[in-house]
$ cat input00.cif   # mmCIF, C-alpha atoms and all ligand atoms
data_input
#
loop_
_atom_site.label_atom_id
_atom_site.label_comp_id
_atom_site.auth_asym_id
_atom_site.auth_seq_id
_atom_site.Cartn_x
_atom_site.Cartn_y
_atom_site.Cartn_z
CA GLY Z 224 54.64 42.19 -103.74
CA SER Z 225 55.33 45.77 -104.66
CA GLU Z 226 53.01 47.05 -101.96
CA LYS Z 227 55.14 45.49 -99.25
CA LYS Z 228 58.24 47.14 -100.67
CA GLU Z 229 56.68 50.56 -100.55
CA ASP Z 230 55.52 49.89 -97.03
CA ALA Z 231 59.09 49.26 -95.93
CA LYS Z 232 60.10 52.68 -97.26
CA LYS Z 233 57.45 54.62 -95.39
CA PRO Z 234 58.83 56.53 -92.42
CA LEU Z 235 58.64 54.77 -89.08
CA ARG Z 236 55.81 56.31 -87.10
CA VAL Z 237 57.30 56.96 -83.68
CA ALA Z 238 55.31 57.78 -80.55
CA THR Z 239 57.06 59.63 -77.77
CA ASN Z 240 56.33 61.96 -74.89
CA ALA Z 241 59.07 64.53 -75.26
CA THR Z 242 59.16 65.72 -71.65
CA PHE Z 243 61.68 63.21 -70.34
CA VAL Z 244 65.11 64.82 -70.24
CA PRO Z 245 67.69 63.53 -71.26
CA PHE Z 246 65.89 60.73 -73.15
CA GLU Z 247 63.43 62.74 -75.23
CA PHE Z 248 62.67 66.44 -75.09
CA LYS Z 249 62.35 69.66 -77.06
CA GLU Z 250 64.22 72.83 -76.23
CA ASN Z 251 60.87 74.69 -76.11
CA ASP Z 252 57.26 74.36 -77.26
CA GLU Z 253 57.90 75.83 -80.71
CA SER Z 254 60.94 73.65 -81.37
CA LYS Z 255 60.49 71.00 -84.03
CA GLU Z 256 63.68 69.25 -83.06
CA TYR Z 257 63.57 66.22 -80.80
CA GLN Z 258 66.65 65.79 -78.64
CA GLY Z 259 67.94 63.22 -76.20
CA PHE Z 260 69.64 59.86 -75.88
CA GLU Z 261 66.64 57.84 -77.01
CA MET Z 262 65.87 60.16 -79.94
CA ASP Z 263 69.51 59.93 -81.11
CA LEU Z 264 69.47 56.17 -80.66
CA LEU Z 265 66.18 55.84 -82.53
CA ARG Z 266 67.48 57.90 -85.46
CA ALA Z 267 70.67 55.83 -85.57
CA VAL Z 268 68.61 52.61 -85.53
CA ALA Z 269 66.35 53.89 -88.34
CA LYS Z 270 69.38 54.94 -90.38
CA GLU Z 271 70.83 51.46 -89.95
CA MET Z 272 67.51 50.10 -91.28
CA GLY Z 273 67.36 52.58 -94.15
CA ARG Z 274 64.17 54.13 -92.83
CA ASP Z 275 63.09 57.69 -92.11
CA VAL Z 276 61.35 58.59 -88.87
CA GLU Z 277 58.28 60.67 -88.19
CA ILE Z 278 58.16 61.54 -84.50
CA ASN Z 279 54.84 62.24 -82.79
CA ASN Z 280 54.59 63.85 -79.37
CA ILE Z 281 51.66 62.43 -77.39
CA ALA Z 282 50.62 61.80 -73.78
CA PHE Z 283 52.63 59.01 -72.17
CA SER Z 284 49.47 57.21 -71.07
CA GLY Z 285 48.24 57.17 -74.70
CA ILE Z 286 51.28 55.45 -76.13
CA ILE Z 287 50.42 51.79 -75.49
CA PRO Z 288 46.83 52.22 -76.76
CA ILE Z 289 48.04 53.89 -79.96
CA LEU Z 290 50.52 51.07 -80.61
CA GLN Z 291 47.79 48.51 -80.02
CA GLN Z 292 45.53 50.30 -82.50
CA GLY Z 293 48.32 50.10 -85.08
CA ASP Z 294 48.43 53.86 -85.53
CA MET Z 295 52.13 54.07 -84.58
CA ASP Z 296 54.96 51.63 -85.30
CA ILE Z 297 57.28 52.14 -82.37
CA ALA Z 298 57.25 53.78 -78.95
CA ALA Z 299 60.40 55.61 -77.90
CA ALA Z 300 59.35 57.02 -74.57
CA GLY Z 301 61.70 55.87 -71.82
CA MET Z 302 59.28 53.07 -71.27
CA THR Z 303 60.03 50.54 -68.56
CA VAL Z 304 59.53 46.90 -69.44
CA THR Z 305 56.86 45.57 -67.06
CA LYS Z 306 54.84 42.35 -66.98
CA GLU Z 307 51.54 44.22 -67.39
CA ARG Z 308 52.75 46.18 -70.38
CA ALA Z 309 54.31 43.09 -71.94
CA GLN Z 310 50.82 41.61 -72.18
CA LYS Z 311 49.82 44.47 -74.47
CA VAL Z 312 52.99 45.30 -76.43
CA ASN Z 313 56.35 43.74 -77.29
CA PHE Z 314 59.59 45.25 -76.05
CA SER Z 315 62.96 45.49 -77.80
CA ALA Z 316 66.20 44.63 -76.06
CA PRO Z 317 66.61 47.22 -73.29
CA PHE Z 318 68.89 50.21 -73.85
CA TYR Z 319 69.09 51.62 -70.32
CA GLU Z 320 68.99 50.37 -66.73
CA SER Z 321 67.03 52.74 -64.50
CA LYS Z 322 65.20 52.79 -61.20
CA LEU Z 323 62.79 54.99 -59.31
CA VAL Z 324 64.03 57.71 -56.96
CA ILE Z 325 62.66 60.67 -55.04
CA LEU Z 326 63.47 64.18 -56.24
CA THR Z 327 63.03 66.94 -53.67
CA PRO Z 328 64.31 70.46 -52.97
CA ASN Z 329 67.30 70.58 -50.59
CA GLU Z 330 65.24 72.44 -48.01
CA SER Z 331 62.13 70.25 -48.11
CA GLY Z 332 63.01 68.48 -44.88
CA ILE Z 333 62.63 65.16 -46.71
CA ASP Z 334 65.75 63.10 -46.05
CA SER Z 335 64.60 59.53 -46.60
CA ALA Z 336 61.95 57.61 -48.48
CA ASP Z 337 60.02 57.16 -45.21
CA ALA Z 338 59.68 60.93 -44.86
CA ILE Z 339 57.35 60.97 -47.89
CA ALA Z 340 54.47 59.36 -46.01
CA GLY Z 341 51.70 61.88 -45.43
CA LYS Z 342 53.22 64.34 -47.92
CA GLN Z 343 52.02 64.99 -51.47
CA VAL Z 344 54.05 63.39 -54.22
CA ALA Z 345 54.09 64.57 -57.85
CA VAL Z 346 54.15 61.90 -60.58
CA GLN Z 347 53.53 61.56 -64.31
CA ILE Z 348 50.29 59.77 -65.25
CA GLY Z 349 50.72 56.20 -66.42
CA THR Z 350 54.33 55.82 -65.32
CA THR Z 351 55.94 53.24 -63.06
CA GLY Z 352 56.57 56.09 -60.61
CA ALA Z 353 52.83 56.85 -60.46
CA GLN Z 354 52.07 53.18 -59.92
CA TYR Z 355 54.67 52.87 -57.18
CA ALA Z 356 53.42 55.96 -55.34
CA GLU Z 357 49.85 54.67 -55.47
CA ASN Z 358 50.86 51.22 -54.27
CA GLN Z 359 52.63 52.81 -51.31
CA GLY Z 360 49.43 54.65 -50.46
CA TYR Z 361 51.02 58.08 -50.92
CA THR Z 362 48.96 61.16 -51.62
CA VAL Z 363 49.69 61.63 -55.30
CA LYS Z 364 49.23 64.55 -57.65
CA GLN Z 365 49.36 63.41 -61.26
CA PHE Z 366 50.52 65.32 -64.33
CA ASP Z 367 50.31 64.58 -68.07
CA ASN Z 368 53.93 65.52 -68.66
CA ASN Z 369 57.13 64.93 -66.78
CA SER Z 370 58.05 68.59 -67.32
CA ASP Z 371 54.94 69.52 -65.31
CA VAL Z 372 56.05 67.20 -62.50
CA ILE Z 373 59.33 69.12 -62.25
CA MET Z 374 57.51 72.44 -62.53
CA GLU Z 375 55.28 71.37 -59.64
CA LEU Z 376 58.40 71.10 -57.45
CA GLN Z 377 59.72 74.42 -58.70
CA VAL Z 378 56.52 76.28 -57.82
CA GLY Z 379 56.35 74.52 -54.46
CA GLY Z 380 53.08 72.73 -55.19
CA SER Z 381 54.37 69.37 -53.95
CA PRO Z 382 57.52 68.79 -51.87
CA ALA Z 383 58.68 65.70 -53.77
CA ALA Z 384 58.37 63.73 -57.00
CA ILE Z 385 58.93 60.08 -57.85
CA LEU Z 386 60.56 59.45 -61.21
CA ASP Z 387 63.37 57.67 -63.04
CA LYS Z 388 66.85 58.13 -61.57
CA PRO Z 389 68.62 59.24 -64.79
CA VAL Z 390 66.01 61.97 -65.28
CA ALA Z 391 66.31 63.19 -61.69
CA ASP Z 392 70.12 63.00 -61.83
CA TYR Z 393 70.21 65.01 -65.06
CA PHE Z 394 67.98 67.70 -63.53
CA LEU Z 395 70.56 68.08 -60.74
CA THR Z 396 73.17 68.98 -63.35
CA GLN Z 397 70.88 71.57 -65.02
CA ASP Z 398 68.14 73.78 -63.54
CA GLY Z 399 68.14 71.83 -60.28
CA LYS Z 400 71.84 72.37 -59.65
CA GLY Z 401 72.57 73.15 -55.99
CA LYS Z 402 68.87 73.33 -55.18
CA TYR Z 403 67.59 69.76 -55.37
CA LYS Z 404 68.60 66.33 -54.18
CA VAL Z 405 67.91 62.75 -55.23
CA ILE Z 406 66.93 60.23 -52.56
CA GLU Z 407 67.21 56.52 -53.22
CA ILE Z 408 64.25 54.34 -52.37
CA PRO Z 409 65.35 51.19 -50.50
CA ASN Z 410 64.37 47.86 -52.04
CA THR Z 411 63.39 49.24 -55.44
CA LYS Z 412 64.34 47.02 -58.34
CA SER Z 413 66.12 48.01 -61.52
CA GLU Z 414 63.85 49.00 -64.39
CA TYR Z 415 64.82 48.37 -68.00
CA LEU Z 416 63.91 50.95 -70.63
CA ALA Z 417 63.14 49.69 -74.12
CA PHE Z 418 61.34 50.49 -77.38
CA ALA Z 419 57.82 49.05 -77.63
CA PHE Z 420 55.88 47.64 -80.60
CA ASN Z 421 52.51 46.31 -81.59
CA LYS Z 422 52.35 42.59 -80.70
CA LYS Z 423 51.94 41.67 -84.37
CA ASP Z 424 54.99 43.63 -85.50
CA THR Z 425 57.62 41.04 -84.59
CA GLY Z 426 59.48 41.62 -87.87
CA LEU Z 427 60.01 45.28 -87.10
CA MET Z 428 61.07 44.46 -83.56
CA LYS Z 429 63.71 42.06 -84.85
CA GLN Z 430 65.05 44.66 -87.29
CA VAL Z 431 65.33 47.17 -84.46
CA ASN Z 432 67.11 44.68 -82.20
CA ASP Z 433 69.52 43.76 -85.01
CA ALA Z 434 70.22 47.43 -85.71
CA MET Z 435 70.88 48.12 -82.00
CA ALA Z 436 73.26 45.15 -81.88
CA LYS Z 437 75.12 46.57 -84.90
CA LEU Z 438 75.36 50.01 -83.27
CA LYS Z 439 76.87 48.37 -80.20
CA GLU Z 440 79.38 46.44 -82.30
CA LYS Z 441 80.41 49.66 -84.03
CA GLY Z 442 80.67 51.53 -80.73
CA GLU Z 443 78.03 54.06 -81.83
CA PHE Z 444 75.66 53.09 -79.05
CA GLN Z 445 78.42 53.68 -76.50
CA LYS Z 446 79.18 57.07 -78.08
CA LEU Z 447 75.59 58.21 -77.69
CA TYR Z 448 75.48 56.88 -74.13
CA LYS Z 449 78.58 58.86 -73.28
CA LYS Z 450 77.25 61.99 -74.97
CA TRP Z 451 74.15 62.05 -72.78
CA PHE Z 452 75.23 60.36 -69.55
CA ASN Z 453 78.90 61.28 -69.59
CA THR Z 454 80.11 57.86 -68.40
N1 LIG V 1 60.21 54.70 -67.11
C1 LIG V 1 58.95 55.16 -66.62
C2 LIG V 1 57.81 54.31 -67.13
O1 LIG V 1 57.97 53.58 -68.03
C3 LIG V 1 58.68 56.61 -66.98
C4 LIG V 1 58.66 56.91 -68.44
C5 LIG V 1 58.19 58.30 -68.76
N2 LIG V 1 58.45 58.61 -70.13
C6 LIG V 1 58.22 59.80 -70.71
N3 LIG V 1 58.53 59.95 -71.97
N4 LIG V 1 57.70 60.79 -70.06
O2 LIG V 1 56.73 54.37 -66.66
#

$ encode --input "input00.cif" --output "structure tokens" --more "lines below"
Ligand code: ARG
Amino acid sequence: GSEKKEDAKKPLRVATNATFVPFEFKENDESKEYQGFEMDLLRAVAKEMGRDVEINNIAFSGIIPILQQGDMDIAAAGMTVTKERAQKVNFSAPFYESKLVILTPNESGIDSADAIAGKQVAVQIGTTGAQYAENQGYTVKQFDNNSDVIMELQVGGSPAAILDKPVADYFLTQDGKGKYKVIEIPNTKSEYLAFAFNKKDTGLMKQVNDAMAKLKEKGEFQKLYKKWFNT
């Protein structure tokens, strides 16, 4: 009926945690503009669907609950597809292959993943990095935002962080240039980042997957990828 039609025109309610450079971030606290690969991709997808977006910046750990409650339509938060999460939400086709790494200052004396044992590791609450660090039995210090995890390294609070490789790599090209290094963790598996949806919203998920496929066909996906990852 007519109600459904109007519904389709409402802006997509997007949940993100805009502290994850270069996927989603703001230049500063006052900035209204969301930047990053995933934000660009999301806007391109919405445009393809003829929908506007309304982006909401919330805690990463609150994103799955808010989708489940039906208060947001889509999560665009660098979220890794995991079995546990897939019991609570549906995931789109993945748009990035990632994996966990260690980020540490050059002079920390940490030269391998083994060297982390007994040291304090900074992680973002609710992330795969936090889960990994806990499973390894590391001493973890948890932060609401990924920007605070990086800050923790900068102020010397913790000597290392565990986070997604593209985020650590990007930091090395920006503020971390010449001062930080990325250490691979042996035997870690690839993680696939995707948009997430309420389980009942399979129609929306299909539209998003179709739109992403179109963007790939047109080469627009590749353009955005190159813009942010320079490859
Ligand atoms: N990929 C990791 C995960 O899913 C980290 C995501 C953090 N995202 C963010 N917007 N801060 O757990």

$ closest_residue --input "input00.cif" --among "Z:Phe243, Z:Tyr448, Z:Tyr415, Z:Phe420" --to "Z:Pro317" --atoms "all atoms listed in the file"
Z:Tyr415

$ residues_around --input "input00.cif" --residues "Z:Lys429" --least-positions-apart "3" --cutoff "12 Å" --atoms "only C-alpha atoms" --output "mmCIF file with C-alpha atoms, in the coordinates of the input"
data_model
loop_
_atom_site.group_PDB
_atom_site.id
_atom_site.type_symbol
_atom_site.label_atom_id
_atom_site.label_comp_id
_atom_site.auth_asym_id
_atom_site.auth_seq_id
_atom_site.Cartn_x
_atom_site.Cartn_y
_atom_site.Cartn_z
ATOM 1 C CA VAL Z 268 68.610 52.610 -85.530
ATOM 2 C CA MET Z 272 67.510 50.100 -91.280
ATOM 3 C CA ASN Z 313 56.350 43.740 -77.290
ATOM 4 C CA PHE Z 314 59.590 45.250 -76.050
ATOM 5 C CA SER Z 315 62.960 45.490 -77.800
ATOM 6 C CA ALA Z 316 66.200 44.630 -76.060
ATOM 7 C CA PHE Z 418 61.340 50.490 -77.380
ATOM 8 C CA ALA Z 419 57.820 49.050 -77.630
ATOM 9 C CA PHE Z 420 55.880 47.640 -80.600
ATOM 10 C CA LYS Z 423 51.940 41.670 -84.370
ATOM 11 C CA ASP Z 424 54.990 43.630 -85.500
ATOM 12 C CA THR Z 425 57.620 41.040 -84.590
ATOM 13 C CA GLY Z 426 59.480 41.620 -87.870
ATOM 14 C CA ASN Z 432 67.110 44.680 -82.200
ATOM 15 C CA ASP Z 433 69.520 43.760 -85.010
ATOM 16 C CA ALA Z 434 70.220 47.430 -85.710
ATOM 17 C CA MET Z 435 70.880 48.120 -82.000
ATOM 18 C CA ALA Z 436 73.260 45.150 -81.880
#

$ residues_near_point --input "input00.cif" --point "(64.1, 55.6, -76.9)" --cutoff "10 Å" --atoms "all atoms listed in the file" --output "list of chain:residue names"
Z:Val237, Z:Ala238, Z:Thr239, Z:Phe246, Z:Glu247, Z:Gly259, Z:Phe260, Z:Glu261, Z:Met262, Z:Asp263, Z:Leu264, Z:Leu265, Z:Arg266, Z:Ile297, Z:Ala298, Z:Ala299, Z:Ala300, Z:Gly301, Z:Met302, Z:Pro317, Z:Phe318, Z:Tyr319, Z:Leu416, Z:Ala417, Z:Phe418, Z:Ala419

$ residues_around --input "input00.cif" --residues "Z:Ala345" --least-positions-apart "3" --cutoff "6 Å" --atoms "only C-alpha atoms" --output "PyMOL selection string"
chain Z and resi 363-365+372+384

$ residues_near_ligand --input "input00.cif" --ligand "ligand LIG 1 (chain V)" --cutoff "10 Å" --atoms "only C-alpha atoms and all ligand atoms" --output "MDAnalysis selection string"
chainID Z and resid 238:248 261 280:284 286 298:305 308 319:323 346:355 367:370 385:390 414:417

$ atom_distance --input "input00.cif" --atom1 "atom CA of Z:Ala269" --atom2 "atom CA of Z:Lys439"
14.4 Å

$ closest_residue --input "input00.cif" --among "Z:Ile339, Z:Met428, Z:Phe366, Z:Ser381" --to "Z:Val324" --atoms "all atoms listed in the file"
Z:Ile339

$ atom_distance --input "input00.cif" --atom1 "atom CA of Z:Lys402" --atom2 "atom CA of Z:Lys342"
19.5 Å

$ residues_around --input "input00.cif" --residues "Z:Gln291" --least-positions-apart "4" --cutoff "10 Å" --atoms "all atoms listed in the file" --output "ChimeraX atom specification"
/Z:286-287,295-296,311-312,420-423

$ atom_distance --input "input00.cif" --atom1 "atom CA of Z:Ala356" --atom2 "atom CA of Z:Leu326"
13.0 Å

$ closest_residue --input "input00.cif" --among "Z:Trp451, Z:Val431, Z:Glu407, Z:Pro382" --to "Z:Ile333" --atoms "only C-alpha atoms"
Z:Pro382

$ closest_residue --input "input00.cif" --among "Z:Gly380, Z:Lys249, Z:Ala336, Z:Glu443" --to "Z:Val405" --atoms "only C-alpha atoms"
Z:Ala336
